[in-house]
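Peer 1: Let me begin by handing over the structure; questions about it come next.
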Amino acid sequence: MTNNMSGISVFLADKGIYFLTAFLLVLGIYGMITCKNYMKKLICMNIMQVAVIFFFLCFGQKNGGTIPVQVTGLMGARHYINPLPHGLMLTAIVVSLGTTGVGLALLTRIKEKYGSIEEDDIIKGENKF
Amino acid sequence: MAKKIKNAIPVVIIAIVLAAAFARFDFLPSIGDPDAPAHTRTSDYYIEHAVKDTNSPNYVTAVIVDYRAFDTMLETTVMFLAGLGVVILLASRPDPKARIIKPRKFTENREHLGAPAYQSINKDVMIKIIEPLILIYAVYVLFHGEVSLGGGFQAGALIGMVYIIDTMVSPGTISLIRLPKERSVALAGAGTFIYTLTGILTLVGGGVFLEYGKLPFSMSFEEKHSTGILMVEVGVTIGVMATIITILNAIHERARFDDDK
(Lines give C-alpha, C1' and ligand atoms only; values in the text may rest on other atoms or scores of the structure.)
Protein backbone atom coordinates (compact mmCIF):
# COMPACT_ATOMS: atom_id res chain seq x y z
CA MET A 1 0.00 0.00 0.00
CA THR A 2 2.68 2.50 1.02
CA ASN A 3 4.77 1.42 -1.95
CA ASN A 4 1.86 2.13 -4.26
CA MET A 5 1.24 5.53 -2.70
CA SER A 6 4.85 6.58 -3.07
CA GLY A 7 4.71 5.49 -6.71
CA ILE A 8 1.80 7.84 -7.31
CA SER A 9 3.50 10.74 -5.58
CA VAL A 10 6.71 10.17 -7.53
CA PHE A 11 4.68 10.11 -10.73
CA LEU A 12 2.92 13.34 -9.75
CA ALA A 13 6.18 15.02 -8.81
CA ASP A 14 7.73 13.99 -12.12
CA LYS A 15 4.87 14.35 -14.58
CA GLY A 16 2.03 16.06 -12.69
CA ILE A 17 2.83 19.49 -14.05
CA TYR A 18 2.13 18.25 -17.58
CA PHE A 19 -1.37 17.30 -16.48
CA LEU A 20 -1.90 20.79 -15.06
CA THR A 21 -0.75 22.50 -18.25
CA ALA A 22 -2.91 20.17 -20.36
CA PHE A 23 -5.85 20.98 -18.08
CA LEU A 24 -5.21 24.71 -18.54
CA LEU A 25 -5.06 24.22 -22.31
CA VAL A 26 -8.39 22.37 -22.52
CA LEU A 27 -9.90 24.92 -20.13
CA GLY A 28 -9.07 27.57 -22.73
CA ILE A 29 -10.45 25.42 -25.56
CA TYR A 30 -13.64 24.78 -23.60
CA GLY A 31 -14.10 28.48 -22.98
CA MET A 32 -13.51 29.31 -26.64
CA ILE A 33 -16.14 26.75 -27.69
CA THR A 34 -18.85 27.53 -25.17
CA CYS A 35 -18.60 31.26 -24.37
CA LYS A 36 -21.03 33.44 -26.29
CA ASN A 37 -19.21 36.67 -25.47
CA TYR A 38 -16.38 37.50 -27.85
CA MET A 39 -14.35 39.23 -25.13
CA LYS A 40 -14.47 36.05 -23.06
CA LYS A 41 -13.40 34.08 -26.13
CA LEU A 42 -10.36 36.36 -26.44
CA ILE A 43 -9.51 35.87 -22.76
CA CYS A 44 -9.77 32.09 -23.21
CA MET A 45 -7.40 32.32 -26.18
CA ASN A 46 -4.91 34.04 -23.87
CA ILE A 47 -5.33 31.25 -21.32
CA MET A 48 -4.46 28.73 -24.05
CA GLN A 49 -1.33 30.68 -24.95
CA VAL A 50 -0.26 30.79 -21.31
CA ALA A 51 -0.74 27.01 -21.08
CA VAL A 52 1.54 26.46 -24.07
CA ILE A 53 4.13 28.82 -22.56
CA PHE A 54 4.05 26.91 -19.24
CA PHE A 55 4.43 23.62 -21.10
CA PHE A 56 7.57 24.83 -22.84
CA LEU A 57 9.03 26.31 -19.65
CA CYS A 58 8.68 22.88 -17.97
CA PHE A 59 11.33 21.56 -20.38
CA GLY A 60 13.83 24.21 -19.33
CA GLN A 61 13.93 23.00 -15.72
CA LYS A 62 16.98 21.14 -14.47
CA ASN A 63 17.66 19.68 -11.05
CA GLY A 64 20.32 21.64 -9.18
CA GLY A 65 20.44 24.31 -11.85
CA THR A 66 20.52 28.04 -11.21
CA ILE A 67 19.29 30.91 -13.36
CA PRO A 68 20.89 31.12 -16.83
CA VAL A 69 23.33 33.92 -15.98
CA GLN A 70 26.95 32.95 -15.68
CA VAL A 71 28.35 33.03 -12.15
CA THR A 72 32.10 33.31 -11.72
CA GLY A 73 33.61 29.98 -10.84
CA LEU A 74 30.58 27.91 -11.77
CA MET A 75 31.38 26.21 -15.05
CA GLY A 76 29.61 23.44 -16.84
CA ALA A 77 26.22 23.08 -18.49
CA ARG A 78 24.69 21.03 -15.67
CA HIS A 79 24.78 23.98 -13.24
CA TYR A 80 22.47 26.18 -15.32
CA ILE A 81 18.91 25.60 -16.48
CA ASN A 82 18.20 25.46 -20.17
CA PRO A 83 18.10 29.00 -21.65
CA LEU A 84 16.53 27.98 -24.96
CA PRO A 85 12.85 27.57 -23.86
CA HIS A 86 13.07 30.85 -21.96
CA GLY A 87 14.28 32.69 -25.04
CA LEU A 88 11.63 31.16 -27.24
CA MET A 89 8.81 31.85 -24.79
CA LEU A 90 9.94 35.43 -24.23
CA THR A 91 9.18 36.15 -27.86
CA ALA A 92 5.98 34.08 -27.70
CA ILE A 93 4.67 36.28 -24.86
CA VAL A 94 5.29 39.38 -26.94
CA VAL A 95 3.58 37.89 -29.98
CA SER A 96 0.58 36.95 -27.84
CA LEU A 97 0.38 40.64 -26.90
CA GLY A 98 0.22 41.48 -30.60
CA THR A 99 -2.55 38.96 -31.32
CA THR A 100 -4.53 40.25 -28.32
CA GLY A 101 -4.21 43.79 -29.63
CA VAL A 102 -5.47 42.88 -33.10
CA GLY A 103 -8.32 40.91 -31.51
CA LEU A 104 -9.32 43.91 -29.41
CA ALA A 105 -9.31 46.10 -32.52
CA LEU A 106 -11.63 43.63 -34.28
CA LEU A 107 -13.91 43.64 -31.21
CA THR A 108 -14.07 47.44 -31.38
CA ARG A 109 -15.21 47.24 -34.99
CA ILE A 110 -17.81 44.58 -34.15
CA LYS A 111 -19.13 46.69 -31.28
CA GLU A 112 -19.47 49.70 -33.54
CA LYS A 113 -21.35 47.80 -36.25
CA TYR A 114 -23.60 45.59 -34.13
CA GLY A 115 -23.82 47.53 -30.88
CA SER A 116 -22.83 44.44 -28.92
CA ILE A 117 -20.22 41.72 -28.72
CA GLU A 118 -22.64 39.00 -27.62
CA GLU A 119 -23.02 36.31 -30.25
CA ASP A 120 -26.81 36.08 -29.79
CA ASP A 121 -27.28 39.81 -30.32
CA ILE A 122 -25.11 39.75 -33.44
CA ILE A 123 -27.08 36.85 -34.97
CA LYS A 124 -30.33 38.58 -34.07
CA GLY A 125 -29.15 41.78 -35.72
CA GLU A 126 -28.05 39.96 -38.87
CA ASN A 127 -31.45 38.27 -39.16
CA LYS A 128 -33.21 41.64 -39.23
CA PHE A 129 -31.98 42.24 -42.77
CA MET B 1 -32.81 17.20 -26.13
CA ALA B 2 -30.83 18.42 -29.11
CA LYS B 3 -29.60 21.33 -27.04
CA LYS B 4 -28.40 18.98 -24.32
CA ILE B 5 -26.39 16.97 -26.87
CA LYS B 6 -24.99 20.20 -28.27
CA ASN B 7 -23.89 21.29 -24.82
CA ALA B 8 -22.35 17.91 -24.05
CA ILE B 9 -20.15 17.76 -27.17
CA PRO B 10 -17.41 20.13 -25.93
CA VAL B 11 -17.19 18.37 -22.58
CA VAL B 12 -16.85 14.98 -24.30
CA ILE B 13 -14.19 16.24 -26.69
CA ILE B 14 -12.21 17.79 -23.87
CA ALA B 15 -12.48 14.65 -21.72
CA ILE B 16 -11.12 12.60 -24.64
CA VAL B 17 -8.26 15.05 -25.18
CA LEU B 18 -7.36 15.05 -21.48
CA ALA B 19 -7.47 11.25 -21.29
CA ALA B 20 -5.29 10.96 -24.39
CA ALA B 21 -2.81 13.46 -22.98
CA PHE B 22 -2.72 11.64 -19.65
CA ALA B 23 -2.06 8.33 -21.40
CA ARG B 24 0.96 9.80 -23.21
CA PHE B 25 2.62 11.42 -20.19
CA ASP B 26 5.00 8.48 -19.80
CA PHE B 27 6.82 9.56 -22.94
CA LEU B 28 7.56 13.02 -21.59
CA PRO B 29 10.76 13.51 -19.59
CA SER B 30 10.61 13.97 -15.82
CA ILE B 31 10.78 17.51 -14.49
CA GLY B 32 14.34 18.46 -13.72
CA ASP B 33 15.93 15.44 -15.37
CA PRO B 34 19.38 16.63 -16.53
CA ASP B 35 19.49 13.94 -19.22
CA ALA B 36 16.22 14.95 -20.86
CA PRO B 37 16.39 15.33 -24.65
CA ALA B 38 15.87 19.09 -24.37
CA HIS B 39 19.14 19.48 -22.45
CA THR B 40 21.39 17.25 -24.52
CA ARG B 41 21.43 18.94 -27.95
CA THR B 42 22.24 22.59 -28.54
CA SER B 43 21.66 24.08 -25.10
CA ASP B 44 24.93 22.73 -23.71
CA TYR B 45 26.78 24.45 -26.54
CA TYR B 46 24.97 27.70 -25.81
CA ILE B 47 25.82 27.55 -22.10
CA GLU B 48 29.46 26.61 -22.56
CA HIS B 49 30.32 28.95 -25.44
CA ALA B 50 28.06 31.96 -24.85
CA VAL B 51 30.58 34.13 -23.00
CA LYS B 52 33.40 33.34 -25.42
CA ASP B 53 31.24 33.80 -28.53
CA THR B 54 29.06 36.73 -27.58
CA ASN B 55 30.54 38.34 -24.42
CA SER B 56 27.12 38.06 -22.77
CA PRO B 57 26.92 36.27 -19.40
CA ASN B 58 23.13 36.15 -19.65
CA TYR B 59 22.52 33.07 -21.77
CA VAL B 60 18.94 34.01 -22.65
CA THR B 61 20.07 37.32 -24.14
CA ALA B 62 22.91 35.53 -25.92
CA VAL B 63 20.44 33.09 -27.44
CA ILE B 64 17.72 35.51 -28.52
CA VAL B 65 19.75 38.45 -29.83
CA ASP B 66 22.97 36.77 -30.94
CA TYR B 67 22.61 33.11 -31.84
CA ARG B 68 19.00 33.50 -32.98
CA ALA B 69 19.11 37.19 -33.93
CA PHE B 70 17.42 36.66 -37.28
CA ASP B 71 14.45 35.06 -35.53
CA THR B 72 14.14 38.00 -33.13
CA MET B 73 14.34 40.50 -35.98
CA LEU B 74 11.28 39.00 -37.63
CA GLU B 75 9.62 38.79 -34.20
CA THR B 76 10.02 42.55 -33.85
CA THR B 77 8.60 42.90 -37.35
CA VAL B 78 5.58 40.88 -36.24
CA MET B 79 5.04 43.34 -33.39
CA PHE B 80 5.28 46.26 -35.82
CA LEU B 81 2.81 44.58 -38.18
CA ALA B 82 0.40 43.95 -35.29
CA GLY B 83 0.44 47.66 -34.45
CA LEU B 84 0.00 48.52 -38.13
CA GLY B 85 -2.90 46.08 -38.37
CA VAL B 86 -4.63 47.71 -35.40
CA VAL B 87 -4.19 51.15 -36.96
CA ILE B 88 -5.53 49.97 -40.33
CA LEU B 89 -8.49 48.17 -38.72
CA LEU B 90 -9.45 51.28 -36.78
CA ALA B 91 -8.62 53.80 -39.49
CA SER B 92 -12.22 54.13 -40.69
CA ARG B 93 -15.62 53.90 -39.10
CA PRO B 94 -18.38 51.58 -40.35
CA ASP B 95 -20.93 53.06 -42.75
CA PRO B 96 -23.87 54.38 -40.67
CA LYS B 97 -26.35 52.75 -43.11
CA ALA B 98 -24.71 49.37 -42.63
CA ARG B 99 -24.87 49.50 -38.85
CA ILE B 100 -27.31 47.12 -37.25
CA ILE B 101 -27.86 49.44 -34.30
CA LYS B 102 -27.99 53.11 -35.14
CA PRO B 103 -25.49 55.19 -33.18
CA ARG B 104 -27.19 57.45 -30.70
CA LYS B 105 -26.15 60.92 -29.92
CA PHE B 106 -24.66 59.60 -26.80
CA THR B 107 -23.65 62.93 -25.39
CA GLU B 108 -27.32 63.74 -24.87
CA ASN B 109 -29.66 61.83 -22.64
CA ARG B 110 -26.81 59.95 -21.11
CA GLU B 111 -27.10 58.93 -17.53
CA HIS B 112 -24.52 60.63 -15.44
CA LEU B 113 -22.47 57.81 -14.06
CA GLY B 114 -19.87 59.93 -12.33
CA ALA B 115 -16.18 59.82 -12.94
CA PRO B 116 -14.75 56.45 -13.99
CA ALA B 117 -13.19 54.43 -11.23
CA TYR B 118 -9.68 54.75 -12.61
CA GLN B 119 -9.75 58.50 -12.12
CA SER B 120 -9.74 58.01 -8.38
CA ILE B 121 -6.13 56.80 -8.48
CA ASN B 122 -3.87 59.10 -6.51
CA LYS B 123 -2.12 61.19 -9.17
CA ASP B 124 0.58 62.51 -6.87
CA VAL B 125 1.77 59.06 -5.90
CA MET B 126 1.54 57.55 -9.38
CA ILE B 127 3.14 60.35 -11.38
CA LYS B 128 5.74 61.49 -8.86
CA ILE B 129 6.87 58.20 -7.34
CA ILE B 130 5.74 55.10 -9.23
CA GLU B 131 6.39 56.26 -12.79
CA PRO B 132 10.02 57.43 -12.28
CA LEU B 133 10.80 54.21 -10.43
CA ILE B 134 9.41 52.10 -13.27
CA LEU B 135 11.34 54.18 -15.82
CA ILE B 136 14.61 53.83 -13.91
CA TYR B 137 14.02 50.10 -13.68
CA ALA B 138 13.27 49.93 -17.40
CA VAL B 139 16.52 51.69 -18.29
CA TYR B 140 18.44 49.42 -15.92
CA VAL B 141 16.87 46.33 -17.45
CA LEU B 142 17.64 47.59 -20.95
CA PHE B 143 21.32 48.44 -20.40
CA HIS B 144 22.06 45.48 -18.16
CA GLY B 145 20.17 43.03 -20.34
CA GLU B 146 23.36 41.24 -21.35
CA VAL B 147 24.96 41.12 -17.90
CA SER B 148 22.02 40.31 -15.66
CA LEU B 149 18.43 39.31 -16.15
CA GLY B 150 16.46 41.49 -18.50
CA GLY B 151 16.42 42.61 -22.08
CA GLY B 152 14.70 44.67 -24.69
CA PHE B 153 11.26 43.07 -24.56
CA GLN B 154 10.94 43.60 -20.82
CA ALA B 155 12.16 47.20 -20.99
CA GLY B 156 9.70 47.97 -23.79
CA ALA B 157 6.83 46.47 -21.81
CA LEU B 158 7.80 48.52 -18.74
CA ILE B 159 7.95 51.80 -20.65
CA GLY B 160 4.61 50.97 -22.29
CA MET B 161 3.22 50.37 -18.80
CA VAL B 162 4.35 53.84 -17.73
CA TYR B 163 2.44 55.29 -20.66
CA ILE B 164 -0.66 53.28 -19.72
CA ILE B 165 -0.50 54.56 -16.11
CA ASP B 166 -0.02 58.11 -17.37
CA THR B 167 -3.06 57.80 -19.63
CA MET B 168 -5.19 56.29 -16.89
CA VAL B 169 -4.51 58.73 -14.09
CA SER B 170 -4.87 61.85 -16.22
CA PRO B 171 -7.31 61.05 -19.04
CA GLY B 172 -8.67 64.47 -19.91
CA THR B 173 -5.90 66.76 -18.89
CA ILE B 174 -2.75 67.59 -20.77
CA SER B 175 -0.27 64.78 -20.27
CA LEU B 176 3.48 64.88 -20.50
CA ILE B 177 3.65 63.04 -23.81
CA ARG B 178 0.86 62.44 -26.25
CA LEU B 179 1.61 60.04 -29.06
CA PRO B 180 -1.21 59.69 -31.60
CA LYS B 181 -1.50 56.23 -33.07
CA GLU B 182 -0.11 57.27 -36.45
CA ARG B 183 3.08 58.58 -34.87
CA SER B 184 3.56 55.71 -32.47
CA VAL B 185 3.23 53.13 -35.24
CA ALA B 186 5.91 55.05 -37.13
CA LEU B 187 8.03 54.85 -33.98
CA ALA B 188 7.57 51.07 -33.93
CA GLY B 189 8.80 51.01 -37.53
CA ALA B 190 11.82 53.05 -36.46
CA GLY B 191 12.61 50.47 -33.77
CA THR B 192 12.49 47.68 -36.34
CA PHE B 193 14.70 49.80 -38.60
CA ILE B 194 17.33 50.21 -35.86
CA TYR B 195 17.47 46.41 -35.57
CA THR B 196 17.87 45.99 -39.32
CA LEU B 197 20.42 48.81 -39.47
CA THR B 198 22.63 46.86 -37.06
CA GLY B 199 22.57 43.97 -39.51
CA ILE B 200 23.39 46.27 -42.41
CA LEU B 201 26.31 47.77 -40.46
CA THR B 202 27.75 44.29 -39.99
CA LEU B 203 27.40 43.79 -43.76
CA VAL B 204 29.37 47.03 -44.26
CA GLY B 205 32.08 45.70 -41.96
CA GLY B 206 32.48 42.62 -44.13
CA GLY B 207 30.62 40.01 -42.09
CA VAL B 208 27.37 38.21 -42.68
CA PHE B 209 24.03 39.67 -41.59
CA LEU B 210 23.96 40.34 -37.80
CA GLU B 211 27.50 39.05 -37.20
CA TYR B 212 28.37 41.54 -34.47
CA GLY B 213 32.06 40.75 -34.48
CA LYS B 214 32.40 42.55 -37.83
CA LEU B 215 30.86 45.88 -36.85
CA PRO B 216 32.79 48.72 -38.55
CA PHE B 217 33.91 50.36 -35.30
CA SER B 218 37.44 50.46 -33.92
CA MET B 219 36.81 48.25 -30.88
CA SER B 220 37.84 44.89 -29.59
CA PHE B 221 35.83 41.78 -30.44
CA GLU B 222 34.03 41.73 -27.08
CA GLU B 223 33.13 45.41 -27.20
CA LYS B 224 31.76 45.00 -30.71
CA HIS B 225 29.50 42.20 -29.52
CA SER B 226 28.28 44.26 -26.56
CA THR B 227 27.61 47.24 -28.81
CA GLY B 228 25.72 45.12 -31.32
CA ILE B 229 23.60 43.52 -28.63
CA LEU B 230 22.85 46.93 -27.09
CA MET B 231 21.82 48.43 -30.47
CA VAL B 232 19.52 45.51 -31.13
CA GLU B 233 18.01 45.75 -27.65
CA VAL B 234 17.34 49.47 -28.12
CA GLY B 235 15.56 48.69 -31.38
CA VAL B 236 13.47 45.96 -29.73
CA THR B 237 12.62 48.27 -26.81
CA ILE B 238 11.40 51.04 -29.09
CA GLY B 239 9.42 48.57 -31.20
CA VAL B 240 7.64 46.90 -28.27
CA MET B 241 6.99 50.19 -26.43
CA ALA B 242 5.55 51.88 -29.52
CA THR B 243 3.37 48.87 -30.35
CA ILE B 244 1.85 48.84 -26.85
CA ILE B 245 1.19 52.58 -27.10
CA THR B 246 -0.32 52.13 -30.58
CA ILE B 247 -2.73 49.43 -29.44
CA LEU B 248 -3.72 51.43 -26.35
CA ASN B 249 -4.27 54.71 -28.23
CA ALA B 250 -6.09 53.20 -31.20
CA ILE B 251 -8.60 51.36 -29.00
CA HIS B 252 -8.85 54.00 -26.30
CA GLU B 253 -9.96 56.76 -28.64
CA ARG B 254 -12.77 54.58 -30.05
CA ALA B 255 -14.05 52.96 -26.88
CA ARG B 256 -17.01 54.56 -25.15
CA PHE B 257 -16.85 53.41 -21.61
CA ASP B 258 -20.41 54.18 -20.58
CA ASP B 259 -22.53 54.18 -23.73
CA ASP B 260 -24.48 51.06 -22.88
CA LYS B 261 -26.93 52.88 -20.64
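Starting from 1 in every chain, residues are counted up; chains themselves are A, B, ... following the order of the C-alpha coordinates, and ligands are numbered from 1 as listed.
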What are the residues of chain A that have an atom within 6 Å of an atom of chain B, counting only C-alpha atoms, as a ChimeraX atom specification?
Peer 2: /A:14-15,61-63,68-70,77,83,87,98,101-102,105,113-115,125
Peer 1: Based on the backbone DSSP call, show me all residues of chain A assigned alpha helix (DSSP H), as number ranges by chain.
Peer 2: A: 2-34, 38-59, 83-114, 119-127
Peer 1: What is the distance, in Å and to one decimal place, between CA of Asn46 (chain A) and CA of Gly28 (chain A)?
Peer 2: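 CA of Asn46 (chain A) sits 7.8 Å away from CA of Gly28 (chain A).
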Peer 1: Might you pull out every residue within 8 Å of Leu25 (chain A), with only C-alpha atoms counted and same-chain residues fewer than 5 positions away left off, and present them as JSON, numbers by chain?
Peer 2: {"A": [47, 48, 49, 51, 52]}
Peer 1: Produce a file of the selected residues containing all heavy atoms, as a CSV table (one decimal), in the first residue's frame.
Peer 2:
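Output (part_11.csv):
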chain,number,residue,atom,x,y,z
A,47,ILE,N,-5.6,32.3,-22.3
A,47,ILE,CA,-5.3,31.2,-21.3
A,47,ILE,C,-4.6,30.1,-22.0
A,47,ILE,O,-3.7,29.5,-21.5
A,47,ILE,CB,-6.6,30.8,-20.7
A,47,ILE,CG1,-7.2,31.9,-19.7
A,47,ILE,CG2,-6.4,29.5,-19.8
A,47,ILE,CD1,-8.5,31.6,-19.1
A,48,MET,N,-5.1,29.8,-23.3
A,48,MET,CA,-4.5,28.7,-24.1
A,48,MET,C,-3.0,29.0,-24.3
A,48,MET,O,-2.1,28.2,-24.2
A,48,MET,CB,-5.2,28.6,-25.4
A,48,MET,CG,-6.3,27.6,-25.4
A,48,MET,SD,-7.1,27.7,-27.0
A,48,MET,CE,-5.8,26.9,-28.0
A,49,GLN,N,-2.7,30.3,-24.7
A,49,GLN,CA,-1.3,30.7,-24.9
A,49,GLN,C,-0.5,30.5,-23.7
A,49,GLN,O,0.7,30.0,-23.8
A,49,GLN,CB,-1.3,32.1,-25.5
A,49,GLN,CG,-1.8,32.2,-26.9
A,49,GLN,CD,-2.0,33.7,-27.3
A,49,GLN,OE1,-2.1,34.6,-26.4
A,49,GLN,NE2,-2.0,33.9,-28.6
A,51,ALA,N,-1.0,28.4,-21.3
A,51,ALA,CA,-0.7,27.0,-21.1
A,51,ALA,C,0.4,26.5,-21.9
A,51,ALA,O,1.3,25.7,-21.4
A,51,ALA,CB,-2.0,26.2,-21.4
A,52,VAL,N,0.5,26.9,-23.2
A,52,VAL,CA,1.5,26.5,-24.1
A,52,VAL,C,2.9,27.0,-23.6
A,52,VAL,O,3.9,26.3,-23.6
A,52,VAL,CB,1.3,26.9,-25.5
A,52,VAL,CG1,2.5,26.6,-26.4
A,52,VAL,CG2,0.0,26.2,-26.1
Peer 1: For Tyr30 (chain A), which residue among B:Val12, B:Ser170, B:Phe221, B:Phe209 is the nearest when counting only C-alpha atoms?
Peer 2: B:Val12
Peer 1: One decimal, in Å: what's the spacing between CA of Ala190 (chain B) and CA of Met73 (chain B)?
Peer 2: 12.8 Å
Peer 1: Rank nothing, just name the residue among B:Leu74, B:Val125, B:Ala2, B:Ile238 nearest to Gly189 (chain B), using only C-alpha atoms.
Peer 2: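 When distances to Gly189 (chain B) are compared using only C-alpha atoms, the smallest one comes from B:Ile238.
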